[in-house]
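Everything on this sheet refers to the single structure shown next.
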Amino acid sequence: MTKMRDAVDELRSTGDCTALQKAIPYARFMGITAKIVDDDVLGTMRYSEHLIGNALAQKLHGGTLGALLESTAIFKLLWHGETNAVPKTINITVEYLRGADPEDVLARAEFTRHGRRVANVRVFAWQRDPARPVAVASAHFLLVPD
C-alpha cells in the first residue's frame with residue numbers, strides 16, 4: 001500500500017485527517033487542514049503571511065482560496081468515496097465574491113451529483129460568517145477506481 005492509500009484508510013476508519021494532510025505536501029505548505037465535523041468535512045486554511053496576494057490591501061491571494069476550495073472537495077470525496085485513489089480534477093470554476101482578510105478561511109463542500117465515475121461538487125469558503133462566503137467553486141472530478 002502507498003502512503004496515500006494508508007492515509008485514506010485511516011481517514012475512513014478513524015475520522016482523523018492528519019495522515020492524509022501529511023501525505024499531501026502542497027496542503028502542508030498552504031496550511032490547509034481538514035477535520036470531520038458532524039460526518040462532514042470542514043476544510044481550513046490557516047492564515048500565514050505568504051498567502052497574501054495584495055500587500056497594499058492586505059488580502060489573501062485568490063489562488064490560495066482556489067486551492068482551499070479544491071482541496072476541501074477532494075477531502076470530502078475521499079471521506080465519502082468508495083476508492084482510495086485521489087479523484088482527478090476535470091475542471092473547477094471559482095467565483096471570488098469579496099476580498100479575504102488576513103485570517104483563517106473555512107470551507108465546506110456539498111455534492112451536486114456523485115456517480116460511479118464522475119462527481120460534481122459545490123464548495124463554499126468563508127471567514128467569519130458562513131452566510132457571507134468569500135469564494136465559491138463548482139468542481140467536476142473523475143473518480144478513479146483502485
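Just remember, in the C-alpha cells the first chain shown is A, the second B, etc., residues are 1-based per chain, and ligands are 1-based in the order shown.
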Per residue of segment 45-80 of chain A within 9 Å of segment 24-27 of chain A, what are the shortest atom pair and its distance in Å to one decimal, counting only C-alpha atoms, with rows by chain and residue number, as JSON lines?
```
{"residue": "A:Met45", "atom": "CA", "partner": "A:Ala27", "partner_atom": "CA", "distance": 8.8}
{"residue": "A:Ala67", "atom": "CA", "partner": "A:Ala27", "partner_atom": "CA", "distance": 8.4}
{"residue": "A:Leu68", "atom": "CA", "partner": "A:Ala27", "partner_atom": "CA", "distance": 8.4}
{"residue": "A:Ser71", "atom": "CA", "partner": "A:Ala27", "partner_atom": "CA", "distance": 7.7}
```
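Using only C-alpha atoms, the contacts of segment 49-54 of chain A at a cut-off of 12 Å, with sequence neighbours closer than 6 positions omitted, comprise Phe29, Met30, Gly31, Ile32, Leu60, His61, Gly62, Gly63, Thr64, Leu65, Gly66, Ala67, Leu68, Gly99, Ala100, Asp101, Pro102, Glu103, Asp104 and Val105 of chain A.
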For the selection you just gave me, I'd like the residues written to a file as a PDB file, in the first residue's frame, keeping N, CA and C atoms.
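So the final result, stored in part-v3.pdb, reads:
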```
ATOM      1  N   PHE A  29       2.134  22.979   2.900  1.00  0.00           N
ATOM      2  CA  PHE A  29       2.728  24.274   2.572  1.00  0.00           C
ATOM      3  C   PHE A  29       1.692  25.397   2.645  1.00  0.00           C
ATOM      4  N   MET A  30       0.492  25.117   2.165  1.00  0.00           N
ATOM      5  CA  MET A  30      -0.566  26.127   2.135  1.00  0.00           C
ATOM      6  C   MET A  30      -1.266  26.286   3.489  1.00  0.00           C
ATOM      7  N   GLY A  31      -0.986  25.401   4.431  1.00  0.00           N
ATOM      8  CA  GLY A  31      -1.652  25.462   5.728  1.00  0.00           C
ATOM      9  C   GLY A  31      -3.084  24.971   5.670  1.00  0.00           C
ATOM     10  N   ILE A  32      -3.360  24.090   4.697  1.00  0.00           N
ATOM     11  CA  ILE A  32      -4.715  23.558   4.532  1.00  0.00           C
ATOM     12  C   ILE A  32      -4.862  22.297   5.369  1.00  0.00           C
ATOM     13  N   LEU A  60      -5.902  38.061   0.954  1.00  0.00           N
ATOM     14  CA  LEU A  60      -5.343  36.767   0.564  1.00  0.00           C
ATOM     15  C   LEU A  60      -5.357  36.618  -0.954  1.00  0.00           C
ATOM     16  N   HIS A  61      -4.378  35.904  -1.473  1.00  0.00           N
ATOM     17  CA  HIS A  61      -4.279  35.647  -2.910  1.00  0.00           C
ATOM     18  C   HIS A  61      -5.429  34.735  -3.332  1.00  0.00           C
ATOM     19  N   GLY A  62      -6.040  35.040  -4.466  1.00  0.00           N
ATOM     20  CA  GLY A  62      -7.157  34.238  -4.961  1.00  0.00           C
ATOM     21  C   GLY A  62      -6.781  32.790  -5.208  1.00  0.00           C
ATOM     22  N   GLY A  63      -5.558  32.553  -5.636  1.00  0.00           N
ATOM     23  CA  GLY A  63      -5.110  31.180  -5.880  1.00  0.00           C
ATOM     24  C   GLY A  63      -5.098  30.340  -4.618  1.00  0.00           C
ATOM     25  N   THR A  64      -4.813  30.972  -3.478  1.00  0.00           N
ATOM     26  CA  THR A  64      -4.831  30.216  -2.227  1.00  0.00           C
ATOM     27  C   THR A  64      -6.256  29.804  -1.872  1.00  0.00           C
ATOM     28  N   LEU A  65      -7.211  30.689  -2.160  1.00  0.00           N
ATOM     29  CA  LEU A  65      -8.621  30.345  -1.920  1.00  0.00           C
ATOM     30  C   LEU A  65      -9.053  29.206  -2.839  1.00  0.00           C
ATOM     31  N   GLY A  66      -8.627  29.260  -4.097  1.00  0.00           N
ATOM     32  CA  GLY A  66      -8.928  28.180  -5.036  1.00  0.00           C
ATOM     33  C   GLY A  66      -8.352  26.855  -4.565  1.00  0.00           C
ATOM     34  N   ALA A  67      -7.135  26.897  -4.019  1.00  0.00           N
ATOM     35  CA  ALA A  67      -6.502  25.679  -3.503  1.00  0.00           C
ATOM     36  C   ALA A  67      -7.297  25.102  -2.338  1.00  0.00           C
ATOM     37  N   LEU A  68      -7.764  25.970  -1.446  1.00  0.00           N
ATOM     38  CA  LEU A  68      -8.584  25.507  -0.320  1.00  0.00           C
ATOM     39  C   LEU A  68      -9.881  24.883  -0.813  1.00  0.00           C
ATOM     40  N   GLY A  99     -13.056  40.271  -1.043  1.00  0.00           N
ATOM     41  CA  GLY A  99     -11.673  40.103  -0.608  1.00  0.00           C
ATOM     42  C   GLY A  99     -11.607  39.333   0.702  1.00  0.00           C
ATOM     43  N   ALA A 100     -10.629  38.450   0.799  1.00  0.00           N
ATOM     44  CA  ALA A 100     -10.443  37.659   2.015  1.00  0.00           C
ATOM     45  C   ALA A 100      -9.386  38.335   2.887  1.00  0.00           C
ATOM     46  N   ASP A 101      -9.765  38.641   4.109  1.00  0.00           N
ATOM     47  CA  ASP A 101      -8.872  39.316   5.046  1.00  0.00           C
ATOM     48  C   ASP A 101      -7.760  38.381   5.518  1.00  0.00           C
ATOM     49  N   PRO A 102      -6.695  38.940   6.087  1.00  0.00           N
ATOM     50  CA  PRO A 102      -5.581  38.113   6.553  1.00  0.00           C
ATOM     51  C   PRO A 102      -5.932  37.370   7.849  1.00  0.00           C
ATOM     52  N   GLU A 103      -6.725  36.331   7.698  1.00  0.00           N
ATOM     53  CA  GLU A 103      -7.122  35.464   8.810  1.00  0.00           C
ATOM     54  C   GLU A 103      -7.513  34.106   8.238  1.00  0.00           C
ATOM     55  N   ASP A 104      -7.772  33.140   9.107  1.00  0.00           N
ATOM     56  CA  ASP A 104      -8.126  31.792   8.663  1.00  0.00           C
ATOM     57  C   ASP A 104      -9.366  31.816   7.764  1.00  0.00           C
ATOM     58  N   VAL A 105      -9.408  30.855   6.833  1.00  0.00           N
ATOM     59  CA  VAL A 105     -10.558  30.688   5.944  1.00  0.00           C
ATOM     60  C   VAL A 105     -11.076  29.263   6.130  1.00  0.00           C
TER      61      VAL A 105
END
```
Using only C-alpha atoms, the residue out of A:Lys22, A:Arg98, A:His114, A:Arg5 with shortest distance to Lys76 of chain A is A:His114
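For the residues A:Lys88, A:Arg113, A:His140, A:His80, ranking by smallest atom-to-atom distance to Gly15 of chain A using only C-alpha atoms places A:His80 first.
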Would you please work out which residue, of A:Val134, A:Ser13, A:Gly81, A:Val86, is nearest to Gly115 of chain A when using only C-alpha atoms?
A:Gly81
Enumerate, as a ChimeraX atom specification, the complete set of residues in chain A that a backbone-based DSSP assignment places in strand (DSSP E).
/A:32-37,40-45,52-54,59-60,88-96,105-114,118-126,135-142
The selected residues should be written to file as a tab-separated table (two decimals), in the first residue's frame (atoms: C-alpha atoms).
```tsv
chain	number	residue	atom	x	y	z
A	32	ILE	CA	-4.72	23.56	4.53
A	33	THR	CA	-6.14	21.15	7.08
A	34	ALA	CA	-9.40	19.27	7.40
A	35	LYS	CA	-11.42	17.72	10.16
A	36	ILE	CA	-14.61	15.72	10.33
A	37	VAL	CA	-17.49	17.62	11.95
A	40	ASP	CA	-18.86	16.18	7.09
A	41	VAL	CA	-15.50	17.66	6.11
A	42	LEU	CA	-14.57	21.13	7.31
A	43	GLY	CA	-11.55	22.49	5.45
A	44	THR	CA	-9.40	25.22	6.98
A	45	MET	CA	-6.59	27.31	5.56
A	52	ILE	CA	-1.14	37.46	0.96
A	53	GLY	CA	-1.67	38.34	-2.69
A	54	ASN	CA	-2.20	42.08	-2.40
A	59	LYS	CA	-5.97	40.47	1.10
A	60	LEU	CA	-5.34	36.77	0.56
A	88	LYS	CA	-8.77	13.64	-10.76
A	89	THR	CA	-9.91	17.22	-11.26
A	90	ILE	CA	-11.71	17.61	-14.59
A	91	ASN	CA	-12.37	21.32	-14.09
A	92	ILE	CA	-13.02	23.86	-11.38
A	93	THR	CA	-14.66	27.27	-11.63
A	94	VAL	CA	-14.06	29.68	-8.76
A	95	GLU	CA	-16.20	32.73	-8.08
A	96	TYR	CA	-14.44	35.33	-5.94
A	105	VAL	CA	-10.56	30.69	5.94
A	106	LEU	CA	-13.03	27.80	6.38
A	107	ALA	CA	-14.68	25.72	3.66
A	108	ARG	CA	-17.40	23.10	3.24
A	109	ALA	CA	-18.32	21.05	0.20
A	110	GLU	CA	-21.59	19.51	-0.93
A	111	PHE	CA	-22.26	17.02	-3.68
A	112	THR	CA	-24.49	18.15	-6.50
A	113	ARG	CA	-24.02	14.75	-8.15
A	114	HIS	CA	-21.98	11.74	-7.06
A	118	VAL	CA	-17.87	11.43	-12.04
A	119	ALA	CA	-18.69	13.72	-9.11
A	120	ASN	CA	-19.89	17.31	-9.19
A	121	VAL	CA	-19.14	19.30	-6.06
A	122	ARG	CA	-20.03	22.81	-4.90
A	123	VAL	CA	-17.67	24.33	-2.31
A	124	PHE	CA	-18.11	27.42	-0.12
A	125	ALA	CA	-15.31	29.34	1.66
A	126	TRP	CA	-15.89	31.95	4.36
A	135	ALA	CA	-15.44	32.46	-2.63
A	136	VAL	CA	-17.43	29.54	-4.03
A	137	ALA	CA	-16.48	26.89	-6.55
A	138	SER	CA	-18.10	24.33	-8.79
A	139	ALA	CA	-15.82	21.40	-9.47
A	140	HIS	CA	-16.06	18.21	-11.51
A	141	PHE	CA	-13.95	15.17	-10.69
A	142	LEU	CA	-13.18	11.87	-12.35
```
Please extract the residues of segment 10-93 of chain A with a backbone DSSP assignment of alpha helix (DSSP H) and present them as a CSV table (one decimal) with N, CA and C atoms, in the first residue's frame.
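That gives us states22.csv:
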```
chain,number,residue,atom,x,y,z
A,10,GLU,N,-7.0,5.4,7.0
A,10,GLU,CA,-7.0,5.9,8.3
A,10,GLU,C,-8.1,6.9,8.5
A,11,LEU,N,-8.3,7.8,7.5
A,11,LEU,CA,-9.4,8.8,7.5
A,11,LEU,C,-10.7,8.1,7.6
A,12,ARG,N,-10.9,7.1,6.8
A,12,ARG,CA,-12.3,6.4,6.9
A,12,ARG,C,-12.5,5.6,8.1
A,13,SER,N,-11.4,5.0,8.7
A,13,SER,CA,-11.6,4.2,9.9
A,13,SER,C,-11.7,5.0,11.2
A,14,THR,N,-11.0,6.1,11.2
A,14,THR,CA,-10.9,6.9,12.5
A,14,THR,C,-11.5,8.3,12.4
A,18,THR,N,-5.3,13.7,9.8
A,18,THR,CA,-3.9,14.1,10.0
A,18,THR,C,-3.0,13.4,9.0
A,19,ALA,N,-3.1,12.1,8.8
A,19,ALA,CA,-2.3,11.3,7.9
A,19,ALA,C,-2.5,11.7,6.5
A,20,LEU,N,-3.7,12.0,6.1
A,20,LEU,CA,-4.0,12.5,4.8
A,20,LEU,C,-3.3,13.8,4.5
A,21,GLN,N,-3.4,14.7,5.4
A,21,GLN,CA,-2.7,16.0,5.3
A,21,GLN,C,-1.2,15.9,5.2
A,22,LYS,N,-0.6,15.0,5.9
A,22,LYS,CA,0.8,14.8,5.9
A,22,LYS,C,1.2,14.2,4.5
A,25,PRO,N,2.0,17.2,0.4
A,25,PRO,CA,3.0,18.3,0.7
A,25,PRO,C,2.4,19.7,0.4
A,26,TYR,N,1.6,19.8,-0.7
A,26,TYR,CA,1.1,21.1,-1.0
A,26,TYR,C,0.1,21.6,0.0
A,27,ALA,N,-0.7,20.7,0.6
A,27,ALA,CA,-1.6,21.1,1.6
A,27,ALA,C,-0.9,21.6,2.9
A,28,ARG,N,0.2,20.9,3.2
A,28,ARG,CA,1.0,21.3,4.3
A,28,ARG,C,1.6,22.7,4.1
A,29,PHE,N,2.1,23.0,2.9
A,29,PHE,CA,2.7,24.3,2.6
A,29,PHE,C,1.7,25.4,2.6
A,30,MET,N,0.5,25.1,2.2
A,30,MET,CA,-0.6,26.1,2.1
A,30,MET,C,-1.3,26.3,3.5
A,62,GLY,N,-6.0,35.0,-4.5
A,62,GLY,CA,-7.2,34.2,-5.0
A,62,GLY,C,-6.8,32.8,-5.2
A,63,GLY,N,-5.6,32.6,-5.6
A,63,GLY,CA,-5.1,31.2,-5.9
A,63,GLY,C,-5.1,30.3,-4.6
A,64,THR,N,-4.8,31.0,-3.5
A,64,THR,CA,-4.8,30.2,-2.2
A,64,THR,C,-6.3,29.8,-1.9
A,65,LEU,N,-7.2,30.7,-2.2
A,65,LEU,CA,-8.6,30.3,-1.9
A,65,LEU,C,-9.1,29.2,-2.8
A,66,GLY,N,-8.6,29.3,-4.1
A,66,GLY,CA,-8.9,28.2,-5.0
A,66,GLY,C,-8.4,26.9,-4.6
A,67,ALA,N,-7.1,26.9,-4.0
A,67,ALA,CA,-6.5,25.7,-3.5
A,67,ALA,C,-7.3,25.1,-2.3
A,68,LEU,N,-7.8,26.0,-1.4
A,68,LEU,CA,-8.6,25.5,-0.3
A,68,LEU,C,-9.9,24.9,-0.8
A,69,LEU,N,-10.5,25.5,-1.8
A,69,LEU,CA,-11.8,25.0,-2.3
A,69,LEU,C,-11.6,23.6,-2.9
A,70,GLU,N,-10.6,23.5,-3.8
A,70,GLU,CA,-10.4,22.2,-4.5
A,70,GLU,C,-10.0,21.2,-3.5
A,71,SER,N,-9.1,21.5,-2.5
A,71,SER,CA,-8.7,20.5,-1.5
A,71,SER,C,-9.8,20.0,-0.7
A,72,THR,N,-10.7,20.9,-0.3
A,72,THR,CA,-11.9,20.6,0.6
A,72,THR,C,-12.8,19.6,-0.2
A,73,ALA,N,-13.0,19.9,-1.5
A,73,ALA,CA,-13.8,19.0,-2.3
A,73,ALA,C,-13.1,17.6,-2.4
A,74,ILE,N,-11.8,17.5,-2.6
A,74,ILE,CA,-11.1,16.3,-2.7
A,74,ILE,C,-11.2,15.5,-1.3
A,75,PHE,N,-11.0,16.2,-0.2
A,75,PHE,CA,-11.1,15.6,1.1
A,75,PHE,C,-12.5,15.0,1.3
A,76,LYS,N,-13.5,15.7,0.9
A,76,LYS,CA,-14.9,15.2,1.0
A,76,LYS,C,-15.1,14.0,0.1
A,77,LEU,N,-14.6,14.0,-1.1
A,77,LEU,CA,-14.7,12.8,-2.0
A,77,LEU,C,-14.0,11.6,-1.4
A,78,LEU,N,-12.9,11.8,-0.8
A,78,LEU,CA,-12.1,10.7,-0.2
A,78,LEU,C,-12.9,10.2,1.1
A,79,TRP,N,-13.4,11.1,1.9
A,79,TRP,CA,-14.2,10.7,3.1
A,79,TRP,C,-15.4,9.9,2.7
A,80,HIS,N,-16.1,10.3,1.7
A,80,HIS,CA,-17.4,9.6,1.3
A,80,HIS,C,-17.2,8.6,0.2
```
Atomic separation - atom CA of Asp16 of chain A relative to atom CA of Arg117 of chain A, Å
25.8 Å
So how many Å separate atom CA of Pro87 of chain A and atom CA of Thr2 of chain A, to one decimal?
15.6 Å
Write out as number ranges by chain which residues come within 9 Å of Thr83 of chain A when counting only C-alpha atoms, dropping same-chain ones fewer than 5 positions away.
A: 8, 78, 143-146
Let me see the file: selected residues, N, CA and C atoms, as an mmCIF file, in the first residue's frame.
```
data_model
loop_
_atom_site.group_PDB
_atom_site.id
_atom_site.type_symbol
_atom_site.label_atom_id
_atom_site.label_comp_id
_atom_site.auth_asym_id
_atom_site.auth_seq_id
_atom_site.Cartn_x
_atom_site.Cartn_y
_atom_site.Cartn_z
ATOM 1 N N VAL A 8 -5.853 7.447 3.443
ATOM 2 C CA VAL A 8 -7.298 7.408 3.173
ATOM 3 C C VAL A 8 -7.956 6.346 4.044
ATOM 4 N N LEU A 78 -12.863 11.829 -0.780
ATOM 5 C CA LEU A 78 -12.136 10.713 -0.165
ATOM 6 C C LEU A 78 -12.864 10.206 1.079
ATOM 7 N N LEU A 143 -13.686 10.023 -10.870
ATOM 8 C CA LEU A 143 -13.444 9.088 -9.780
ATOM 9 C C LEU A 143 -12.695 7.890 -10.337
ATOM 10 N N VAL A 144 -11.511 7.681 -9.815
ATOM 11 C CA VAL A 144 -10.610 6.660 -10.337
ATOM 12 C C VAL A 144 -10.748 5.397 -9.495
ATOM 13 N N PRO A 145 -11.030 4.250 -10.129
ATOM 14 C CA PRO A 145 -11.117 3.006 -9.351
ATOM 15 C C PRO A 145 -9.736 2.588 -8.853
ATOM 16 N N ASP A 146 -9.724 1.806 -7.771
ATOM 17 C CA ASP A 146 -8.443 1.295 -7.228
ATOM 18 C C ASP A 146 -7.743 0.405 -8.218
#
```
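Minimum atom-to-atom distance to Ala131 of chain A, evaluated using only C-alpha atoms, belongs to A:Leu97 out of A:Arg116, A:Asp6, A:Leu97, A:Cys17.
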